[in-house]
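J.: To start, I am sharing the structure in question, which I have written as structure tokens.
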Amino acid sequence: MKAQNMKPKSAPQQWLLLAAAGLALLGPLRLAVADDLIVNSFDASINGIDWQNFRSYAYSYAEAWDPNQDSEGSPASGSMYLTVNWPLMTDSTWNQSWNDVQIAFSTGGTFNSSDYISFDVDIKVDVTNSSPALDGSYGAIELILNNPWQNVVGWAPLAATNGWQHFTGFFSGIPAGTYSEAIIGFISNGGGTFTNTVNYWIDNIVFTAPATVHTNRPSLSIAPAPPAGLTCIASQPGGTWQRQMIASVSDNYSWNTASAVSNTTTYSMTVAACPGANHPGFQTQFYLVPKAGMIGPVIDNSIDWDSGDVVDFYVSVTANNSAIGQFGYKVNDPSDGTLLSVVTVTNSSGPVGKWSLSFNNNTNVTITSPNGTSTNFIMPAADAALFADPLYAYFGSEPSVNANIGQSSTLSRVTIAGSAGGIDDKFTVLDSNTWALNAADVNGILITPADGKYSVTWSLPDAGYANLYATDNLKNSLGSLQWLSLPSAATGWLSVAGTERMTLISQSALEAAFGYAPTNCFFALFHQ
């Protein structure tokens with residue numbers, strides 16, 4: 001967002017102060033209330049379609065207006081009934097790669113996304129006349145703005161239910177600006193790959209505006225920044241199983257002695273921070289996946305589910321604040337999450353520290369926890385042989401339960417030693433020669449700098465709040481520009497789970513803004 005220094009529109013100011021570092025919310029008492037933008041409610045017909053892209057993958061499609069289906073139950077309205085004839089599994093073109101179909105609706109001209117909170121739509125699957133995807137769901141949808149193209153929701157699963165499902169994508173997670181089309185896409189991919197026809201009802205495509213002044217006063221909070229390293233935030237709204245991970249670019253990380261440079265190959269991740277006992281089930285994890293077992297692309301945010309052969313190692317916290325490292329694997333079992341030979345090791349002091357998984361002579365496996373506790377076991381030779389190069393490594397986190405959405409973990413170091421390719425990364429940057437993003441929400445993968453100082457969060461919606469401001473003296477007046485603007489370009493703004501905004505503030509960013517190192521600091525939002 002463009003940096004701006006503006007005078008307040010009215011004098012009253014509201015302050016919230018915290019500890020050594022202060023935090024303030026500033027804003028006028030009155031806020032102009034915008035009306036919702038109803039893109040299409042399908043009251044009497046299908047209209048307002050600018051273009052459609054059903055690509056060559058789908059056999060065909062059909063659209064009709066249905067006066068008997070309305071998401072709000074209104075007898076005076078209806079909905080759009082969409083039929084998509086997806087390929088059969090027996091068809092030569094059928095695959096589990098990303099395939100989507102898209103419909104673009106006119107918004108009646110350009111609109112400014114900062115005037116609205118969210119992109120909302122209701123969708124219902126006609127389950128009686130539809131075939132589910134491989135995993136029993138009905139695939140997923142995507143919500144997109146156009147001119148310019150901007151994903152609001154990249155993947156939202158369609159559940160196996162015969163009722164209306166409401167989907168919301170928050171504009172706070174995209175660059176503010178003017179757009180002119182609303183696009184709804186239906187996705188066939190991975191476990192959510194279709195095998196036959198699916199029929200959908202679509203209703204009430206709406207851009208929701210802030211309701212009143214009382215719902216648009218974000219509450220702010222402050223905390224220390226995460227430790228330096230790779231921070232993986234479960235930032236996708238509603239993504240219970242979202243994998244927030246990175247994937248190795250190279251494919252020569254197998255422990256198989258036919259290609260490895262040593263009889264022993266060790267994979268290690270050093271956990272610098274992760275949720276505590278209040279968030280059981282949150283996983284900091286890595287996967288080892290051979291190319292031969294993949295049924296789709298290497299970059300696949302459900303790679304552990306979709307691939308046939310996967311080694312899965314994850315660390316989670318128990319109710320007494322100890323931690324469990326768990327190893328498991330599967331072979332010849334695509335589109336499934338069942339693991340064989342699950343082996344665990346406990347670290348009584350918690351999850352923080354170095355966790356290692358070592359393979360000696362292909363089949364002798366050792367798990368070692370941060371306090372040196374270890375366990376050994378034997379992997380069948382026939383299973384181990386399936387993990388020869390080319391093999392990719394994936395590192396990151398997963399919430400596993402809805403209560404963990406919005407939480408994060410940080411890896412301060414990842415090493416792979418003894419394989420043909422080696423990695424020793426302390427994550428001062430995310431090196432594109434080593435790693436590619438492999439995440440449900442790529443915005444939730446970030447590098448916390450070594451001089452990371454504060455994590456400032458505030459609630460959504462935050463329409464109209466374009467900049468974060470800072471001062472080291474509460475006597476300073478914003479009206480006389482004595483507060484310093486810290487635009488999102490300097491701090492990085494991230495929408496977390498669609499409910500709050502987070503920004504990381506480094507010491508260097510503060511010093512650049514102040515021209516010196518402030519001994520204390522207060523932060524504020526000001527409604528423009």
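Chain identifiers are assigned as A, B, and so on, following the order in which chains appear in the structure tokens; residues are numbered from 1 within each chain, and ligands are numbered from 1 in order of appearance.
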List the spatial neighbours of Asn402 (chain A) as a count of residues only - criterion: any atom at most 10 Å away, only C-alpha atoms, same-chain residues fewer than 4 positions off excluded.
T.: 8
J.: Go through region 17-134 of chain A and flag each residue having an atom no more than 7 Å from region 189-206 of chain A; for those, report the closest pair of atoms plus their distance in Å to one decimal, using only C-alpha atoms, ordered by chain and rising number, as a Markdown table.
T.:
| residue | atom | partner | partner_atom | distance |
| --- | --- | --- | --- | --- |
| A:Asp36 | CA | A:Val206 | CA | 6.9 |
| A:Leu37 | CA | A:Val206 | CA | 5.8 |
| A:Ile38 | CA | A:Val206 | CA | 4.5 |
| A:Val39 | CA | A:Ile205 | CA | 5.4 |
| A:Asn40 | CA | A:Ile205 | CA | 5.2 |
| A:Ser41 | CA | A:Asn204 | CA | 4.3 |
| A:Phe42 | CA | A:Asp203 | CA | 6.6 |
| A:Asp70 | CA | A:Asp203 | CA | 6.8 |
| A:Ser71 | CA | A:Asp203 | CA | 6.3 |
| A:Ser79 | CA | A:Asp203 | CA | 5.0 |
| A:Met80 | CA | A:Ile202 | CA | 5.1 |
| A:Tyr81 | CA | A:Trp201 | CA | 4.5 |
| A:Leu82 | CA | A:Tyr200 | CA | 5.1 |
| A:Thr83 | CA | A:Asn199 | CA | 4.4 |
| A:Val84 | CA | A:Val198 | CA | 5.5 |
| A:Asn85 | CA | A:Thr197 | CA | 4.3 |
| A:Trp86 | CA | A:Asn196 | CA | 5.1 |
| A:Pro87 | CA | A:Asn196 | CA | 5.9 |
| A:Leu88 | CA | A:Thr195 | CA | 4.8 |
| A:Met89 | CA | A:Thr195 | CA | 5.5 |
| A:Gln96 | CA | A:Gly190 | CA | 4.9 |
| A:Ser97 | CA | A:Asn189 | CA | 5.2 |
| A:Trp98 | CA | A:Asn189 | CA | 4.6 |
| A:Asn99 | CA | A:Asn189 | CA | 6.3 |
| A:Phe119 | CA | A:Val206 | CA | 6.1 |
| A:Asp120 | CA | A:Val206 | CA | 5.2 |
| A:Val121 | CA | A:Ile205 | CA | 4.6 |
| A:Asp122 | CA | A:Asp203 | CA | 5.1 |
| A:Ile123 | CA | A:Ile202 | CA | 4.7 |
| A:Lys124 | CA | A:Trp201 | CA | 5.0 |
| A:Val125 | CA | A:Tyr200 | CA | 4.6 |
| A:Asp126 | CA | A:Asn199 | CA | 5.4 |
| A:Asn129 | CA | A:Asn199 | CA | 6.7 |
| A:Ser130 | CA | A:Val198 | CA | 4.3 |
| A:Ser131 | CA | A:Asn196 | CA | 5.6 |
| A:Pro132 | CA | A:Phe194 | CA | 6.5 |
| A:Ala133 | CA | A:Phe194 | CA | 4.2 |
| A:Leu134 | CA | A:Gly191 | CA | 5.5 |
J.: Write out as JSON, numbers by chain which residues come within 6 Å of Ala439 (chain A) when counting only C-alpha atoms, dropping same-chain ones fewer than 3 positions away.
T.: {"A": [243, 244, 245, 301, 442]}
J.: Near Asn112 (chain A), within 8 Å and counting only C-alpha atoms, which residues show up once chain neighbours fewer than 6 positions away are dropped, as an MDAnalysis selection string?
T.: chainID A and resid 176:179
J.: Selection from above, N, CA and C atoms, as a PDB file, in the first residue's frame, can you write it?
T.:
ATOM      1  N   ALA A 176      -5.200  -3.549  -1.901  1.00  0.00           N
ATOM      2  CA  ALA A 176      -6.333  -2.653  -2.113  1.00  0.00           C
ATOM      3  C   ALA A 176      -6.194  -1.991  -3.479  1.00  0.00           C
ATOM      4  N   GLY A 177      -7.316  -1.853  -4.169  1.00  0.00           N
ATOM      5  CA  GLY A 177      -7.289  -1.238  -5.486  1.00  0.00           C
ATOM      6  C   GLY A 177      -8.619  -1.383  -6.171  1.00  0.00           C
ATOM      7  N   THR A 178      -8.673  -0.982  -7.429  1.00  0.00           N
ATOM      8  CA  THR A 178      -9.909  -1.071  -8.198  1.00  0.00           C
ATOM      9  C   THR A 178      -9.906  -2.331  -9.050  1.00  0.00           C
ATOM     10  N   TYR A 179     -11.067  -2.981  -9.112  1.00  0.00           N
ATOM     11  CA  TYR A 179     -11.272  -4.208  -9.875  1.00  0.00           C
ATOM     12  C   TYR A 179     -12.615  -4.097 -10.582  1.00  0.00           C
TER      13      TYR A 179
END
J.: Give me, as a JSON list (two decimals) with C-alpha atoms, in the first residue's frame, all polymer residues having an atom no more than 10 Å from Ala417 (chain A), counting only C-alpha atoms and skipping those fewer than 3 positions away in the same chain.
T.:
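Done, and the output landed in around_39.json:
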[["chain", "number", "residue", "atom", "x", "y", "z"],
["A", 253, "TYR", "CA", 17.70, -36.32, -1.18],
["A", 255, "TRP", "CA", 18.86, -42.15, 1.85],
["A", 260, "ALA", "CA", 23.55, -41.49, -1.36],
["A", 261, "VAL", "CA", 27.13, -40.48, -0.62],
["A", 262, "SER", "CA", 27.04, -42.14, 2.80],
["A", 264, "THR", "CA", 23.82, -42.96, 6.84],
["A", 265, "THR", "CA", 21.53, -40.12, 5.81],
["A", 266, "THR", "CA", 20.04, -37.79, 8.42],
["A", 267, "TYR", "CA", 17.14, -35.38, 8.06],
["A", 268, "SER", "CA", 16.89, -32.77, 10.82],
["A", 358, "SER", "CA", 18.43, -41.12, 10.38],
["A", 420, "ALA", "CA", 23.51, -37.10, -2.91],
["A", 421, "GLY", "CA", 22.22, -33.58, -2.34],
["A", 422, "GLY", "CA", 22.81, -31.78, 0.92],
["A", 423, "ILE", "CA", 20.98, -28.94, 2.67],
["A", 424, "ASP", "CA", 22.04, -26.80, 5.60]]
J.: By how many Å are CA of Ser485 (chain A) and CA of Asp451 (chain A) apart?
T.: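 Separating CA of Ser485 (chain A) from CA of Asp451 (chain A) is a distance of 19.7 Å.
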J.: Show which residues sit within 7 Å of Asp333 (chain A), as a list in words. Count only C-alpha atoms, and ignore same-chain residues fewer than 3 positions away.
T.: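 Near Asp333 (chain A), the qualifying residues are Gly308, Asp309, Lys330 and Asp336 of chain A.
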J.: Check the smallest atom-to-atom distance from each of A:Gly498, A:Gly296, A:Gly139, A:Pro290 to Val311 (chain A) using only C-alpha atoms, then report the winner.
T.: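 Closest candidate: A:Pro290.
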J.: Hey, what does DSSP flag as helix (DSSP H, G or I) within region 246-430 of chain A? Can you give it to me as a count of residues only?
T.: 17
J.: What is the CA of Thr457 (chain A) to CA of Arg501 (chain A) distance in Å?
T.: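 Distance reported for this atom pair: 5.4 Å.
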J.: Give the strand (DSSP E) residues of region 302-341 of chain A, as assigned by DSSP on the backbone, as a VMD selection string.
T.: chain A and resid 310 to 317 323 to 330 340 to 341
J.: Next, dump the selected residues to file, keeping only N, CA and C atoms, as a PDB file, in the first residue's frame.
T.:
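Printed below is part09.pdb as written:
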ATOM      1  N   VAL A 310       5.158 -42.155   0.868  1.00  0.00           N
ATOM      2  CA  VAL A 310       5.471 -40.963   1.652  1.00  0.00           C
ATOM      3  C   VAL A 310       6.049 -41.367   3.006  1.00  0.00           C
ATOM      4  N   VAL A 311       7.158 -40.745   3.399  1.00  0.00           N
ATOM      5  CA  VAL A 311       7.627 -40.778   4.782  1.00  0.00           C
ATOM      6  C   VAL A 311       7.128 -39.502   5.451  1.00  0.00           C
ATOM      7  N   ASP A 312       6.518 -39.646   6.609  1.00  0.00           N
ATOM      8  CA  ASP A 312       5.915 -38.527   7.330  1.00  0.00           C
ATOM      9  C   ASP A 312       6.511 -38.486   8.736  1.00  0.00           C
ATOM     10  N   PHE A 313       7.142 -37.357   9.086  1.00  0.00           N
ATOM     11  CA  PHE A 313       7.657 -37.172  10.446  1.00  0.00           C
ATOM     12  C   PHE A 313       7.117 -35.861  10.982  1.00  0.00           C
ATOM     13  N   TYR A 314       6.444 -35.908  12.142  1.00  0.00           N
ATOM     14  CA  TYR A 314       5.921 -34.668  12.690  1.00  0.00           C
ATOM     15  C   TYR A 314       6.081 -34.617  14.197  1.00  0.00           C
ATOM     16  N   VAL A 315       6.098 -33.385  14.699  1.00  0.00           N
ATOM     17  CA  VAL A 315       6.255 -33.104  16.130  1.00  0.00           C
ATOM     18  C   VAL A 315       5.015 -32.376  16.600  1.00  0.00           C
ATOM     19  N   SER A 316       4.457 -32.824  17.719  1.00  0.00           N
ATOM     20  CA  SER A 316       3.288 -32.163  18.303  1.00  0.00           C
ATOM     21  C   SER A 316       3.443 -32.090  19.812  1.00  0.00           C
ATOM     22  N   VAL A 317       2.686 -31.184  20.432  1.00  0.00           N
ATOM     23  CA  VAL A 317       2.770 -30.940  21.877  1.00  0.00           C
ATOM     24  C   VAL A 317       1.674 -31.714  22.593  1.00  0.00           C
ATOM     25  N   ALA A 323       6.646 -33.158  24.265  1.00  0.00           N
ATOM     26  CA  ALA A 323       6.417 -33.234  22.823  1.00  0.00           C
ATOM     27  C   ALA A 323       6.650 -34.653  22.340  1.00  0.00           C
ATOM     28  N   ILE A 324       5.963 -35.008  21.277  1.00  0.00           N
ATOM     29  CA  ILE A 324       6.097 -36.325  20.659  1.00  0.00           C
ATOM     30  C   ILE A 324       6.546 -36.142  19.219  1.00  0.00           C
ATOM     31  N   GLY A 325       7.618 -36.848  18.846  1.00  0.00           N
ATOM     32  CA  GLY A 325       8.025 -36.940  17.459  1.00  0.00           C
ATOM     33  C   GLY A 325       7.544 -38.262  16.911  1.00  0.00           C
ATOM     34  N   GLN A 326       6.851 -38.225  15.802  1.00  0.00           N
ATOM     35  CA  GLN A 326       6.240 -39.451  15.256  1.00  0.00           C
ATOM     36  C   GLN A 326       6.679 -39.688  13.818  1.00  0.00           C
ATOM     37  N   PHE A 327       7.139 -40.905  13.578  1.00  0.00           N
ATOM     38  CA  PHE A 327       7.507 -41.354  12.229  1.00  0.00           C
ATOM     39  C   PHE A 327       6.452 -42.332  11.733  1.00  0.00           C
ATOM     40  N   GLY A 328       6.096 -42.206  10.480  1.00  0.00           N
ATOM     41  CA  GLY A 328       5.220 -43.165   9.826  1.00  0.00           C
ATOM     42  C   GLY A 328       5.445 -43.082   8.329  1.00  0.00           C
ATOM     43  N   TYR A 329       5.010 -44.075   7.605  1.00  0.00           N
ATOM     44  CA  TYR A 329       5.154 -44.025   6.152  1.00  0.00           C
ATOM     45  C   TYR A 329       4.044 -44.836   5.502  1.00  0.00           C
ATOM     46  N   LYS A 330       3.865 -44.624   4.204  1.00  0.00           N
ATOM     47  CA  LYS A 330       2.942 -45.452   3.437  1.00  0.00           C
ATOM     48  C   LYS A 330       3.601 -45.791   2.115  1.00  0.00           C
ATOM     49  N   LEU A 340       1.871 -46.599   7.931  1.00  0.00           N
ATOM     50  CA  LEU A 340       2.334 -47.882   8.436  1.00  0.00           C
ATOM     51  C   LEU A 340       3.465 -47.667   9.442  1.00  0.00           C
ATOM     52  N   SER A 341       3.668 -48.639  10.315  1.00  0.00           N
ATOM     53  CA  SER A 341       4.825 -48.671  11.223  1.00  0.00           C
ATOM     54  C   SER A 341       5.032 -47.343  11.938  1.00  0.00           C
TER      55      SER A 341
END
J.: Report, in Å to a single decimal, how far apart CA of Leu504 (chain A) and CA of Thr491 (chain A) are.
T.: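 So the two atoms, CA of Thr491 (chain A) and CA of Leu504 (chain A), lie 5.8 Å apart.
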J.: Restricting the calculation to only C-alpha atoms: of A:Leu288, A:Ala272, A:Cys232, A:Leu430, which residue gets closest to Arg413 (chain A)?
T.: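 Smallest separation from Arg413 (chain A) among the options: A:Ala272.
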J.: Give me the residues within 10 Å of Gln150 (chain A) as a list in words, counting only C-alpha atoms and dropping any in the same chain fewer than 2 places off.
T.: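 The residues that qualify are Leu143, Ile144, Leu145, Asn146, Asn147, Pro148, Val152, Val153, Gly154, Ile174, Pro175, Tyr179, Ala182 and Ile183 of chain A.
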J.: A:Thr318, A:Thr284, A:Ser409, A:Asn256: which is nearest Asn361 (chain A), counting only C-alpha atoms?
T.: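 Among A:Thr318, A:Thr284, A:Ser409, A:Asn256, it is A:Asn256 that comes nearest to Asn361 (chain A).
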